[in-house]
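Shown next: input.txt, given as compact mmCIF, C-alpha atoms.
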```txt
# COMPACT_ATOMS: atom_id res chain seq x y z
CA MET A 1 0.00 0.00 0.00
CA PHE A 2 2.86 2.30 0.89
CA LEU A 3 4.69 1.55 -2.37
CA ALA A 4 1.53 2.28 -4.34
CA GLN A 5 1.66 5.87 -3.08
CA ILE A 6 5.19 6.39 -4.37
CA PRO A 7 5.45 7.59 -8.00
CA SER A 8 6.73 4.86 -10.29
CA GLU A 9 9.39 7.14 -11.76
CA LEU A 10 10.80 7.72 -8.26
CA ILE A 11 10.97 3.97 -7.62
CA LEU A 12 12.77 3.43 -10.91
CA PHE A 13 15.21 6.24 -10.19
CA SER A 14 15.91 4.86 -6.70
CA MET A 15 16.67 1.44 -8.19
CA LEU A 16 19.05 2.95 -10.76
CA TYR A 17 20.66 5.20 -8.14
CA GLY A 18 21.17 2.33 -5.71
CA GLY A 19 22.39 0.04 -8.47
CA ALA A 20 25.03 2.56 -9.54
CA ALA A 21 26.21 2.88 -5.94
CA VAL A 22 26.46 -0.90 -5.54
CA ALA A 23 28.28 -1.25 -8.89
CA SER A 24 30.86 1.36 -7.88
CA VAL A 25 31.62 -0.19 -4.50
CA ILE A 26 31.92 -3.69 -6.01
CA ALA A 27 34.33 -2.39 -8.67
CA GLY A 28 36.42 -0.57 -6.06
CA VAL A 29 36.65 -3.56 -3.72
CA TYR A 30 37.50 -5.81 -6.66
CA LEU A 31 40.40 -3.60 -7.75
CA CYS A 32 41.74 -3.41 -4.19
CA LEU A 33 41.50 -7.09 -3.25
CA ARG A 34 41.98 -9.08 -6.46
CA LYS A 35 45.60 -9.46 -7.52
CA GLY A 36 44.93 -10.86 -10.99
CA ASN A 37 42.61 -9.80 -13.78
CA ALA A 38 39.25 -11.39 -14.42
CA PHE A 39 38.84 -9.90 -17.91
CA ALA A 40 42.41 -10.23 -19.20
CA ALA A 41 44.35 -12.82 -17.22
CA ASP A 42 47.55 -12.32 -19.23
CA VAL A 43 47.67 -8.55 -18.66
CA THR A 44 49.38 -6.88 -15.70
CA PRO A 45 48.05 -3.32 -15.40
CA PRO A 46 49.96 -0.52 -13.62
CA VAL A 47 49.53 -0.69 -9.84
CA SER A 48 49.01 3.06 -9.63
CA LEU A 49 46.20 2.83 -12.16
CA ARG A 50 44.38 0.18 -10.12
CA ARG A 51 44.73 2.29 -6.96
CA TRP A 52 43.52 5.50 -8.56
CA ALA A 53 40.60 3.73 -10.22
CA ALA A 54 39.67 2.11 -6.89
CA ALA A 55 39.77 5.57 -5.29
CA PHE A 56 37.49 6.91 -8.01
CA PHE A 57 35.00 4.09 -7.48
CA ALA A 58 35.09 4.76 -3.73
CA VAL A 59 34.37 8.44 -4.32
CA ALA A 60 31.53 7.57 -6.69
CA PHE A 61 30.01 5.29 -4.05
CA LEU A 62 30.41 7.83 -1.24
CA GLY A 63 28.97 10.53 -3.49
CA HIS A 64 25.82 8.49 -3.97
CA VAL A 65 25.59 7.93 -0.22
CA TRP A 66 26.20 11.59 0.65
CA TRP A 67 23.54 12.89 -1.70
CA TYR A 68 21.06 10.21 -0.65
CA LEU A 69 21.47 11.10 3.03
CA PHE A 70 21.28 14.79 2.22
CA PHE A 71 17.93 14.52 0.42
CA ILE A 72 16.59 12.19 3.15
CA PHE A 73 17.45 14.44 6.10
CA SER A 74 17.53 17.89 4.53
CA GLY A 75 16.74 18.37 0.87
CA ASP A 76 17.38 22.11 1.11
CA ILE A 77 19.61 22.91 -1.83
CA TYR A 78 20.28 26.37 -0.38
CA SER A 79 21.57 25.05 2.96
CA VAL A 80 25.12 24.87 4.26
CA SER A 81 24.98 21.06 4.23
CA CYS A 82 24.27 21.12 0.49
CA LEU A 83 27.33 23.29 -0.13
CA VAL A 84 29.50 20.99 1.98
CA VAL A 85 28.33 17.89 0.09
CA ALA A 86 28.82 19.65 -3.25
CA VAL A 87 32.37 20.67 -2.36
CA ILE A 88 33.39 17.20 -1.15
CA ASP A 89 31.76 15.45 -4.09
CA SER A 90 33.03 17.64 -6.92
CA VAL A 91 36.58 18.10 -5.59
CA SER A 92 37.12 14.41 -4.75
CA LEU A 93 35.67 13.39 -8.11
CA LEU A 94 37.92 15.78 -10.02
CA ILE A 95 41.07 14.69 -8.15
CA THR A 96 40.48 10.93 -8.41
CA ILE A 97 39.49 10.93 -12.07
CA THR A 98 42.52 13.12 -12.81
CA GLY A 99 44.79 10.65 -11.05
CA THR A 100 43.16 7.73 -12.87
CA LEU A 101 43.49 9.25 -16.33
CA LEU A 102 47.06 10.42 -15.78
CA ALA A 103 48.04 6.96 -14.50
CA MET A 104 47.01 5.53 -17.88
CA LEU A 105 49.68 7.66 -19.59
CA GLN A 106 52.92 5.76 -19.06
CA ASP A 107 55.30 7.82 -21.19
CA ARG A 108 56.16 9.93 -18.13
CA LYS A 109 54.85 10.72 -14.68
CA ARG A 110 52.38 13.58 -14.47
CA PRO A 111 51.64 15.01 -11.01
CA VAL A 112 48.13 15.44 -9.63
CA TRP A 113 48.97 18.19 -7.15
CA PRO A 114 48.37 21.06 -9.66
CA VAL A 115 44.73 19.96 -9.88
CA VAL A 116 44.51 19.86 -6.08
CA LEU A 117 45.83 23.42 -5.89
CA ALA A 118 43.47 24.51 -8.65
CA THR A 119 40.44 23.46 -6.56
CA ILE A 120 41.36 25.81 -3.69
CA PRO A 121 39.64 28.90 -5.21
CA TYR A 122 36.48 26.83 -5.73
CA VAL A 123 36.46 25.70 -2.12
CA ALA A 124 37.25 29.23 -0.94
CA LEU A 125 34.31 30.69 -2.86
CA LEU A 126 31.84 28.22 -1.35
CA VAL A 127 33.27 28.72 2.16
CA LEU A 128 32.96 32.45 1.63
CA ASN A 129 29.35 31.95 0.64
CA ILE A 130 28.70 30.11 3.92
CA GLY A 131 29.95 33.05 5.96
CA TYR A 132 28.50 35.72 3.66
CA PRO A 133 25.60 34.23 1.70
CA ASN A 134 25.54 35.61 -1.81
CA GLY A 135 24.28 33.88 -4.94
CA HIS A 136 27.09 35.41 -6.97
CA TYR A 137 29.70 33.34 -5.11
CA ILE A 138 27.92 30.14 -6.05
CA ILE A 139 27.61 31.13 -9.69
CA ILE A 140 31.31 32.00 -9.86
CA ALA A 141 32.22 28.74 -8.12
CA ILE A 142 30.16 26.68 -10.56
CA ALA A 143 31.67 28.48 -13.54
CA TYR A 144 35.14 27.96 -12.09
CA ILE A 145 34.82 24.20 -11.49
CA LEU A 146 33.38 23.72 -14.98
CA LEU A 147 36.29 25.73 -16.37
CA LEU A 148 38.69 23.40 -14.58
CA TYR A 149 37.05 20.42 -16.27
CA VAL A 150 37.26 22.11 -19.66
CA ILE A 151 40.93 23.00 -19.15
CA PHE A 152 41.72 19.47 -18.01
CA SER A 153 39.84 18.03 -20.99
CA ILE A 154 41.90 20.17 -23.38
CA TYR A 155 45.08 19.18 -21.59
CA MET A 156 44.20 15.49 -21.89
CA VAL A 157 43.69 15.81 -25.64
CA PHE A 158 47.29 16.99 -26.05
CA ALA A 159 48.64 14.56 -23.42
CA VAL A 160 46.99 11.56 -25.09
CA ARG A 161 48.33 12.60 -28.49
CA GLN A 162 51.81 12.88 -26.99
CA TYR A 163 51.37 9.45 -25.41
CA GLY A 164 50.29 8.02 -28.77
CA ARG A 165 53.45 9.34 -30.44
CA TRP A 166 55.51 7.81 -27.63
CA LEU A 167 53.84 4.44 -28.19
CA ARG A 168 54.66 4.46 -31.89
CA ASP A 169 58.23 5.43 -31.14
CA ASN A 170 58.71 2.53 -28.72
CA TYR A 171 56.31 -0.32 -29.50
CA ALA A 172 55.71 -2.47 -32.55
CA ASP A 173 52.25 -3.48 -31.31
CA VAL A 174 50.20 -0.59 -29.95
CA GLU A 175 46.87 -2.42 -29.81
CA HIS A 176 45.33 -2.34 -26.29
CA LYS A 177 47.97 0.20 -25.26
CA GLU A 178 46.21 3.24 -26.72
CA VAL A 179 43.86 5.10 -24.42
CA TRP A 180 42.44 8.08 -26.33
CA LEU A 181 38.92 6.66 -26.70
CA SER A 182 38.61 5.91 -23.01
CA HIS A 183 39.88 9.36 -22.06
CA LEU A 184 37.61 11.31 -24.35
CA PHE A 185 34.59 9.25 -23.40
CA VAL A 186 35.23 9.53 -19.67
CA ILE A 187 35.89 13.27 -19.87
CA VAL A 188 32.64 13.91 -21.74
CA ILE A 189 30.73 11.88 -19.18
CA LEU A 190 32.34 13.72 -16.28
CA LEU A 191 31.49 17.09 -17.77
CA PHE A 192 27.91 15.92 -18.12
CA ILE A 193 27.79 14.71 -14.54
CA ILE A 194 29.15 18.00 -13.19
CA ILE A 195 26.50 19.93 -15.12
CA TYR A 196 23.85 17.58 -13.76
CA GLY A 197 25.18 18.07 -10.23
CA PHE A 198 24.09 21.71 -10.35
CA ASP A 199 20.74 21.05 -12.06
CA THR A 200 18.44 18.78 -10.02
CA GLY A 201 15.18 19.82 -11.59
CA ASP A 202 15.05 17.57 -14.66
CA ILE A 203 14.14 13.95 -13.87
CA THR A 204 15.02 12.89 -17.43
CA ILE A 205 18.61 14.03 -16.96
CA ALA A 206 18.67 12.25 -13.59
CA TYR A 207 17.69 8.97 -15.28
CA LEU A 208 20.22 9.46 -18.06
CA VAL A 209 23.08 10.16 -15.66
CA GLN A 210 22.44 6.93 -13.74
CA PHE A 211 22.50 4.93 -16.98
CA ILE A 212 25.72 6.71 -17.96
CA ASN A 213 27.19 5.80 -14.57
CA PHE A 214 26.92 2.11 -15.44
CA ILE A 215 28.61 2.71 -18.81
CA LEU A 216 31.32 4.79 -17.16
CA PHE A 217 32.08 2.20 -14.50
CA GLY A 218 32.16 -0.64 -17.02
CA LEU A 219 34.39 1.27 -19.43
CA LEU A 220 36.82 2.32 -16.73
CA LEU A 221 37.03 -1.17 -15.23
CA TRP A 222 37.64 -2.65 -18.69
CA ARG A 223 40.38 -0.13 -19.41
CA VAL A 224 42.12 -0.78 -16.10
CA GLU A 225 42.00 -4.54 -16.68
CA THR A 226 43.24 -4.48 -20.26
CA LEU A 227 45.91 -1.76 -20.17
CA PRO A 228 49.33 -3.43 -19.73
CA GLN A 229 52.15 -2.12 -17.60
CA LEU A 230 54.71 -0.75 -20.07
CA GLU A 231 58.43 -0.86 -19.51
CA ASN A 232 60.21 1.88 -17.62
CA THR A 233 63.12 3.36 -19.57
CA SER A 234 64.32 5.74 -16.84
CA MET A 235 67.30 3.50 -16.00
CA GLU A 236 68.36 3.41 -19.64
CA GLN A 237 68.08 7.20 -19.84
CA ARG A 238 70.38 7.55 -16.83
CA THR A 239 73.01 5.23 -18.30
CA ARG A 240 72.84 6.21 -21.96
CA GLN A 241 76.18 7.99 -21.82
CA THR A 242 77.98 4.71 -21.01
CA LEU A 243 76.54 2.75 -23.93
CA VAL A 244 78.31 2.32 -27.25
CA ILE A 245 76.60 3.96 -30.23
CA PRO A 246 77.48 2.05 -33.42
CA SER A 247 77.84 3.97 -36.66
CA ASN A 248 76.66 1.12 -38.89
CA ILE A 249 73.17 1.00 -37.40
CA GLU A 250 71.47 0.26 -40.73
CA GLN A 251 73.67 -2.80 -41.33
CA LEU A 252 73.09 -4.02 -37.78
CA LEU A 253 69.32 -3.73 -38.22
CA ALA A 254 69.55 -5.78 -41.40
CA GLU A 255 71.59 -8.46 -39.63
CA HIS A 256 69.80 -8.66 -36.29
CA CYS A 257 66.23 -7.71 -37.19
CA VAL A 258 65.56 -8.35 -40.88
CA SER A 259 67.67 -11.48 -41.44
CA THR A 260 66.63 -13.09 -38.16
CA GLN A 261 62.99 -12.02 -38.66
CA LEU A 262 62.97 -10.58 -35.16
CA TYR A 263 60.16 -8.29 -36.30
CA LEU A 264 57.76 -11.25 -36.18
CA GLN A 265 57.97 -11.27 -32.37
CA HIS A 266 54.78 -10.03 -30.74
CA ASP A 267 55.06 -6.92 -28.58
CA LEU A 268 58.61 -6.28 -29.71
CA THR A 269 59.79 -3.03 -28.10
CA ILE A 270 62.40 -0.64 -29.32
CA THR A 271 64.43 -1.41 -26.20
CA GLN A 272 64.50 -5.10 -27.09
CA LEU A 273 65.51 -4.30 -30.65
CA ALA A 274 68.21 -1.93 -29.44
CA GLN A 275 69.65 -4.65 -27.19
CA ALA A 276 69.68 -7.09 -30.12
CA VAL A 277 71.43 -4.52 -32.31
CA GLY A 278 73.91 -3.50 -29.62
CA THR A 279 72.89 0.10 -29.03
CA ASN A 280 70.48 1.97 -26.76
CA ARG A 281 66.86 2.89 -27.21
CA LEU A 282 67.40 6.65 -27.39
CA TYR A 283 69.92 6.44 -30.24
CA LEU A 284 67.80 3.95 -32.16
CA SER A 285 64.78 6.20 -31.72
CA HIS A 286 66.83 9.13 -33.00
CA TYR A 287 67.89 7.04 -36.00
CA PHE A 288 64.28 6.29 -36.97
CA SER A 289 63.40 9.95 -36.49
CA ARG A 290 66.15 10.98 -38.89
CA GLN A 291 64.72 8.52 -41.42
CA GLY A 292 61.36 10.27 -41.14
CA MET A 293 59.54 7.30 -39.58
CA THR A 294 58.55 5.87 -36.24
CA TYR A 295 59.69 2.56 -34.79
CA ASN A 296 56.14 1.24 -35.19
CA ALA A 297 56.14 2.16 -38.89
CA TYR A 298 59.51 0.44 -39.38
CA ILE A 299 58.26 -2.84 -37.89
CA ASN A 300 54.97 -2.59 -39.79
CA ASP A 301 56.81 -2.19 -43.09
CA LEU A 302 58.83 -5.35 -42.42
CA ARG A 303 55.73 -7.30 -41.41
CA ILE A 304 53.74 -6.19 -44.44
CA ASP A 305 56.63 -7.11 -46.74
CA HIS A 306 56.67 -10.50 -45.02
CA PHE A 307 52.92 -10.86 -45.57
CA MET A 308 53.24 -10.09 -49.28
CA SER A 309 56.11 -12.55 -49.61
CA LEU A 310 54.09 -15.30 -47.90
CA TYR A 311 51.13 -14.55 -50.15
CA ARG A 312 53.19 -14.81 -53.33
CA GLU A 313 54.77 -18.07 -52.17
CA ALA A 314 51.37 -19.56 -51.29
CA THR A 315 49.76 -18.55 -54.58
CA SER A 316 52.74 -19.90 -56.57
CA ALA A 317 52.42 -23.22 -54.75
CA ARG A 318 48.60 -23.10 -55.16
CA GLN A 319 48.12 -23.53 -51.44
CA PRO A 320 44.85 -22.57 -49.71
CA ILE A 321 45.37 -19.29 -47.89
CA THR A 322 43.51 -16.72 -45.84
CA ALA A 323 44.59 -13.17 -45.21
CA GLN A 324 43.91 -13.64 -41.48
CA GLN A 325 46.32 -16.55 -41.22
CA LEU A 326 49.01 -14.83 -43.23
CA ALA A 327 48.65 -11.71 -41.08
CA SER A 328 49.10 -13.84 -37.96
CA ASP A 329 52.16 -15.49 -39.50
CA SER A 330 53.53 -12.02 -40.21
CA GLY A 331 53.58 -10.98 -36.56
CA TYR A 332 50.12 -9.47 -36.12
CA ARG A 333 47.88 -10.52 -33.25
CA SER A 334 44.94 -8.56 -34.62
CA TYR A 335 43.79 -8.63 -38.21
CA SER A 336 42.17 -5.22 -37.85
CA THR A 337 45.52 -3.73 -36.83
CA PHE A 338 47.18 -5.38 -39.83
CA SER A 339 44.44 -4.24 -42.20
CA LEU A 340 44.80 -0.63 -41.07
CA ALA A 341 48.59 -0.71 -41.36
CA PHE A 342 48.37 -2.33 -44.79
CA LYS A 343 46.00 0.34 -46.09
CA GLN A 344 48.18 3.12 -44.72
CA ARG A 345 51.22 1.57 -46.41
CA LEU A 346 49.75 0.75 -49.85
CA GLY A 347 46.74 3.04 -50.02
CA LYS A 348 44.39 0.12 -50.66
CA SER A 349 42.71 -2.62 -48.68
CA VAL A 350 44.15 -6.11 -48.30
CA THR A 351 41.34 -7.67 -50.34
CA SER A 352 41.85 -5.15 -53.17
CA TRP A 353 45.57 -5.90 -53.27
CA MET A 354 44.97 -9.67 -53.25
CA ARG A 355 42.39 -9.28 -56.04
CA GLU A 356 44.90 -7.36 -58.16
CA MET A 357 47.58 -9.96 -57.53
CA ALA A 358 45.23 -12.75 -58.63
CA GLN A 359 44.62 -11.17 -62.04
```

Using structure tokens, write down the structure from this file.
Amino acid sequence: MFLAQIPSELILFSMLYGGAAVASVIAGVYLCLRKGNAFAADVTPPVSLRRWAAAFFAVAFLGHVWWYLFFIFSGDIYSVSCLVVAVIDSVSLLITITGTLLAMLQDRKRPVWPVVLATIPYVALLVLNIGYPNGHYIIIAIAYILLLYVIFSIYMVFAVRQYGRWLRDNYADVEHKEVWLSHLFVIVILLFIIIYGFDTGDITIAYLVQFINFILFGLLLWRVETLPQLENTSMEQRTRQTLVIPSNIEQLLAEHCVSTQLYLQHDLTITQLAQAVGTNRLYLSHYFSRQGMTYNAYINDLRIDHFMSLYREATSARQPITAQQLASDSGYRSYSTFSLAFKQRLGKSVTSWMREMAQ
């Protein structure tokens, strides 16, 4: 009888709200307690990334609890308690998601403390409003925190692009190591959530945000589980002056990479190739840069040449072949990655090239 008096849309919203809170706490506990990965058992993600993501999930859970208790016991959006909850929620959310996103970028360490310092004016404005109530303080505070999110979003665009260039300079296989889609998607969602946090009048937006919470949590958990820990080159950078830099680098690459078909090794890094050649990663990277290419492009060229050679041999011997199998035999774990690299190299798809070769 009591439930019959409650609007159905409120019951549905409460279920979504509670479900999002439960999902966040389960994800946070999972990241803290489980040592291995459930989604990608062969991947070891960065420890810092797991910790920051767990902190974000904890903040998301506590945020749901704080706002639930606030609307149960107060509900006055103009009260001091509302300002306190808003400050804690928005600041902790901004700091933890910043730490999580920066931990995904493994080209270099990026500190979180500038974001912490940047939130001080926001907190000061809301504290000032508590002592001297004035709607202008709140408006300025809202505009300021949204500006912080916009600035951080712009920064992440450039940081992710820089990280992508670093990947291609150091790794032959960049699949599952790139993070731009996750970053852009998460940033857009966070901006939407912040806007929603200051607009509680539209029930449709409230529903939508809870659905987006589930997508956000799932996407973030997937990214944490599938992003591998990449090698740290700081030691090599400190010792680069003691390493011998050979002058016949092109000949050494031909002997130790091309002739031995080392390029067929999955996840071959530039550091591993440099060790095989007898030089250091920084010099080898500089060599590829002088040739106007990245390390990733160099390995891709060798693998694609290998693919075309295998194809010609198979067709001459009239053997049954598939492009997927030949791509795998050429060092590619993913056919989609091979197909994209092939099209970038030849300007045509794999099937078009094979069709031309068959004529």

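Among the candidate residues A:Ile130, A:Ala274, A:Ala143, A:Leu216, the one lying nearest to Ala27 (chain A) is A:Leu216, with distances computed using only C-alpha atoms.
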
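The closest residue to Leu220 (chain A), picked from A:Ala54, A:Val59, A:Val258, A:Ile95 and counting only C-alpha atoms, is A:Ala54.
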
Can you pull out every residue within 12 Å of Leu340 (chain A), counting only C-alpha atoms, but drop anything in the same chain fewer than 2 positions away, and send it as JSON, numbers by chain? {"A": [175, 297, 300, 304, 327, 332, 334, 335, 336, 337, 338, 342, 343, 344, 345, 346, 347, 348, 349, 350]}

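The space between CA of Ser81 (chain A) and CA of Val116 (chain A) spans 22.1 Å.
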
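CA of Ala20 (chain A) lies 12.4 Å from CA of Tyr68 (chain A).
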
Can you tell me which residues surround Arg110 (chain A) at a distance of at most 12 Å, considering all atoms listed in the file, apart from same-chain residues fewer than 5 positions away, and format the answer as JSON, numbers by chain? {"A": [98, 99, 100, 101, 102, 103, 104, 105, 115, 155, 156, 159, 163]}

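One finds CA of Tyr311 (chain A) at 7.2 Å from CA of Leu326 (chain A).
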
Shell of 10 Å around Ala118 (chain A), all atoms listed in the file, local chain residues under 6 positions omitted, as a list in words: Val91, Tyr144, Ile145 and Leu148 of chain A

Can those selected residues be exported to a file as a compact mmCIF listing (two decimals), keeping the file's coordinate frame so that it contains C-alpha atoms?
```
# COMPACT_ATOMS: atom_id res chain seq x y z
CA VAL A 91 36.58 18.10 -5.59
CA TYR A 144 35.14 27.96 -12.09
CA ILE A 145 34.82 24.20 -11.49
CA LEU A 148 38.69 23.40 -14.58
```

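Among A:Leu117, A:Leu268, A:Val47, A:Leu62, the residue with the shortest atom-to-atom distance to Lys35 (chain A), counting only C-alpha atoms, is A:Val47.
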
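With all atoms listed in the file as the atoms that count, the residue of A:Met354, A:Pro320, A:Ile205, A:Leu230 with the shortest distance to Phe307 (chain A) is A:Met354.
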
Rank nothing, just name the residue among A:Pro45, A:Trp67, A:Ala276, A:Val22 nearest to Leu83 (chain A), using only C-alpha atoms. A:Trp67
